[in-house]
Structure formats: structure tokens, C-alpha cells
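A.B. asks: I have a structure here, written as C-alpha cells, and I will follow up with some questions on it.
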Amino acid sequence: MLHQLEKAQQVPETHDFLKNLFLDGDLIPLPFQKYLAPWIAKRRTPQIEKQYEEIGGGSPILRYTKIQGEGMAKLMDELNPETAPHKFYVAFRYANPLTEETARQMKADGVTRAVAFTQYPQYSCSTTGSSLNELYRKGKAGDFGKDIEWSVIDRWGTHPGFIEAVAQNIEAALAKFPESSRSETVLLFSAHSLPMSVVNRGDPYVLEVSASVSAVMDRLGHSNPYRLVWQSQVGPSAWMGMQTGEALKGLARLGKKQVVLIPIAFTSDHIETLYELDLEYAKEAREHGIEVHRATSLNDSPVFIRALADIATAHLRQTAKTGPTSIQVGLRCPGCKNETCGAQKTWFARGGR
Ligand SMILES: C=CC1=C(C)c2cc3[nH]c(cc4nc(cc5[nH]c(cc1n2)c(C)c5CCC(=O)O)C(CCC(=O)O)=C4C)c(C)c3C=C
Ligand code: FES
Ligand SMILES: [Fe+2]
């Protein structure tokens, strides 16, 4: 079973993954989306397939998400026996296991209480928002079963356990530089960028990623100079900058010799750490005379798995008092014109009813 699911994450799934992604009107509203999405996906597939081939034949996201989920549920059984047993399910937005498949499984298992626990530390309507909209659509249609009660963990980008796990991985990367020059190493935090159209409608992601970086730097005692830069722009529109690749070139021009690259907006390795950061940017920076080490992604970090268990445990205790959703998730972006966002928020605030 595990093997089959892992195989589904491999190169041949790239086309369907991209098609589902470009079909998502909550992520990228396109004119004639139903027709344009398959066309863009098809055109983009060979290039992205090649990237997945170069990072070992697929994305490790599912494998790590399962390790994290299993570790979290086991710890929660110990930390919070009153709500045990805890079970995790994975619902991806574009690759298998898709929300509809997971819904079927949860219905078959007779689940009556569920927490939608986003695995994006910082909230964006293009990531967590899109996933919540999908859960809402499937939930409203009864795909998860009729009597399920929902609550939502919508963001946790400054949770001390998450910050500690990131900081420890930065310290391990810094230790690879000679002690004499270690404090001159630039810490370059890199997050997936957002189109300016999303930023400018009031999406909270840029602020929240910045807050994560601030919290990590506080934890490190501001031992090094740092910047937050943005990667993985797609298409011709304007995106949040400065771009990670350009920043590395700029640092080289300024005579910087040592950089630690830090993925800050995702919890496991994926195409953007393993291909873009490691194979593209780090290689290019080395050609410009910079020694680059990448902070390891959180992956199977026990400190991080403990943080997930702590976040979920605190949530279960808190929702009994404060209700199923946070105050912050209730506010739509001031520029939001997507009616599904409003309906989704109302639905979750009522516990999925
Ligand atoms: C972590 C935060 C992410 C944000 C914010 C985000 C916004 C966003 N992404 C696209 C388009 C694409 N993203 C793609 C891959 C991808 N995106 C994220 C995360 C965020 N995206 C991850 C972790 C991944 C990699 C998945 C993996 O298995 O490795 C892709 C596919 C790859 C490609 O074709 O380049 C696209 C396309 C948009 C348009 C967007 C904001 C509106
Ligand atoms: S786009 Fe942010 S709430 Fe709709
Ligand atoms: Fe993306």
C-alpha cells in the first residue's frame, strides 16, 4: 500500500499534478480555465518531469508528510490520552492522495471529529486558503460523511517548536564554515514567491513569512546578517522580490564569500529545495566564488515532529473553549472577490456545518 502510494508520487504523475494545479481557480484564476489549464500543463510537463528526474525520480513530500503525521499522532496519544487514539490522513491539493480520495477513506473509517491542520506554516490564500476551500466544497457535498465535526489549525509560523527546529538546522549548516569567519556568513532565507496581484489584495503570507524569519533570528541571537528573498516565480506577471537567484549574484558582487540558504515556508524537501536551491542556485553561487550550504529541510526532524504534536494538542484543548477556528482566519483579504472564501470561513466557523 505504502509502495503504491509512493509510486504515485513519481515522475509519471507530473502531468496530472500540473493540470490540477492550473485548474485551481483559487490559486490562479485563468480565463477559460477548463481549456487553458490542460494546455499549460501539457506544455510545462516535460520541463518539470526532467526536474523531478534529476532529484531522484519524484517528490519526497508524501514520504516525509507520512513520517511527520505518524510521529505526531504517536506523540499525541502520549501527550493527550483523553482525545486518543489520534490518526492522521494526508490530503494533497494537486497530487495523490487528493482531498476526494482522503474524504472517501475518512468516511469509510467513520471519522466523526477532524482537524484541518495546514502543513504550510504561514497562511496564504493561494496555499492554505485553497486547501480549505477544497475541504469546504467536498465537506459540504457530504464526501467526508454527514456527522463530522471540523476545526482548523490555519497557521503556526512563529510557534517556538517550529522556530527551534529551523534554528537548529541553520546552526548545523553554519558549523560547516570555519569558526574564524562563521559570523560573516550571510543567512539567506528563501520562500516561495507570490504574484504581486495576490500580495496587493491583502494576502497575509509575506508578513507571516517575515515574522517567521524575525523569530528565527531572535532565537539565533542575531548572530549573522540576513535577508529574506523569494523563489519559484512562474509565468510573466510581476512577483514578490527580490528573487533568490538574483540575490545570490548580488551578494557575490558585494564580495560575500559564505552563505547559508534556508527554506522557510515549507516543511519538507521538494522540487524547490532539491532542484532550484541545490542544483540551480547553489551551483551558480559556487561558480561566482561563494561557498553555500543549505539548511536541511525539516523532513524527519524530531524537534519539528514534537512541535506538530504540541500545536495539535494545544489546538484540541483550546477549541473546546474558543470554537473551531482562529479569530484571524475569519477575516477575508480586503481585496478578496472570491465568494468561496467567505462561504468556507462561515462553514468552518460552524464546525463544518
Ligand atoms: C510554500 C508556499 C507556496 C506558495 C505561497 C505557493 C504559491 C504559488 N505557487 C504557484 C505555482 C506553482 N507552484 C508549484 C510547485 C510548488 N509550490 C509550492 C509551495 C507554494 N506555492 C511547493 C512546495 C511546490 C513543489 C511541489 C513538489 O512536489 O515539489 C508549481 C509546479 C512546479 C512548476 O511548474 O514550476 C507551480 C506551477 C502559484 C501560481 C502560486 C501563487 C499564486
Ligand atoms: S483571497 Fe484571501 S480571503 Fe479570499
Ligand atoms: Fe507553488
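Quick note on naming: the chains in the C-alpha cells go A, B, ... in the order shown, residues restart at 1 in each chain, and ligands are numbered from 1 in order of appearance.
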Collect all residues with atoms no farther than 7 Å from ligand 1, counting only C-alpha atoms and all ligand atoms, and output them as a ChimeraX atom specification.

C.D. replies: /A:18,21,27-28,44,48,59,61,120,124,126-127,191-195,198,232,234,265-266,270-272

A.B. asks: Can you pull out every residue with an atom within 12 Å of ligand 2? Use only C-alpha atoms and all ligand atoms and format it as a VMD selection string.

C.D. replies: chain A and resid 25 to 29 123 to 130 132 to 133 197 to 205 328 to 346

A.B. asks: Between CA of Trp150 (chain A) and CA of Arg353 (chain A), measure the distance and give it in Å to one decimal.

C.D. replies: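 According to the coordinates, CA of Trp150 (chain A) and CA of Arg353 (chain A) are separated by 8.5 Å.
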
A.B. asks: What parts of region 144-262 of chain A does DSSP call strand (DSSP E or B)? I'd like the answer as number ranges by chain.

C.D. replies: A: 149-153, 186-192, 195, 226-231, 239, 243, 258-262

A.B. asks: Could you give me, as a PyMOL selection string, each residue of region 46-91 of chain A that DSSP assigns to helix (DSSP H, G or I) when run on this structure's backbone?

C.D. replies: chain A and resi 46-54+61-79+81-83

A.B. asks: Include C-alpha atoms and write out the residues we just selected as a short mmCIF file (atom, residue, chain, number, x, y, z; two decimals), in the first residue's frame.

C.D. replies:
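Okay, this is what ended up in out.cif:
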```
data_model
loop_
_atom_site.label_atom_id
_atom_site.label_comp_id
_atom_site.auth_asym_id
_atom_site.auth_seq_id
_atom_site.Cartn_x
_atom_site.Cartn_y
_atom_site.Cartn_z
CA PRO A 46 8.47 17.86 -19.97
CA GLN A 47 10.49 20.56 -18.20
CA ILE A 48 9.11 19.72 -14.75
CA GLU A 49 9.38 15.95 -15.38
CA LYS A 50 13.05 16.47 -16.09
CA GLN A 51 13.47 18.33 -12.80
CA TYR A 52 11.77 15.53 -10.86
CA GLU A 53 14.01 13.03 -12.64
CA GLU A 54 17.08 14.96 -11.58
CA ILE A 61 6.71 15.29 0.10
CA LEU A 62 4.36 12.34 0.70
CA ARG A 63 7.06 10.21 2.32
CA TYR A 64 8.02 12.98 4.76
CA THR A 65 4.44 14.03 5.42
CA LYS A 66 3.67 10.46 6.48
CA ILE A 67 6.70 10.29 8.77
CA GLN A 68 5.64 13.60 10.32
CA GLY A 69 1.98 12.56 10.66
CA GLU A 70 2.82 9.17 12.17
CA GLY A 71 5.28 10.68 14.65
CA MET A 72 2.82 13.40 15.59
CA ALA A 73 -0.12 11.02 16.17
CA LYS A 74 2.02 8.69 18.31
CA LEU A 75 3.27 11.55 20.48
CA MET A 76 -0.26 12.91 20.85
CA ASP A 77 -1.51 9.57 22.13
CA GLU A 78 1.03 10.02 24.95
CA LEU A 79 0.57 13.78 25.49
CA PRO A 81 -4.63 10.45 26.17
CA GLU A 82 -8.08 12.00 26.74
CA THR A 83 -8.54 12.51 22.98
#
```

A.B. asks: Skipping near chain neighbours, those fewer than 4 positions away, what residues fall within 7 Å of Val152 (chain A) using only C-alpha atoms, listed as a VMD selection string?

C.D. replies: chain A and resid 115 to 117 324 to 325

A.B. asks: Can you spit out the residues from that selection as an mmCIF file, in the first residue's frame, using C-alpha atoms?

C.D. replies:
```
data_model
loop_
_atom_site.group_PDB
_atom_site.id
_atom_site.type_symbol
_atom_site.label_atom_id
_atom_site.label_comp_id
_atom_site.auth_asym_id
_atom_site.auth_seq_id
_atom_site.Cartn_x
_atom_site.Cartn_y
_atom_site.Cartn_z
ATOM 1 C CA VAL A 115 -8.812 18.870 12.473
ATOM 2 C CA ALA A 116 -7.806 20.530 9.199
ATOM 3 C CA PHE A 117 -4.132 21.040 10.089
ATOM 4 C CA PRO A 324 -13.375 25.634 15.797
ATOM 5 C CA THR A 325 -11.448 28.450 14.097
#
```
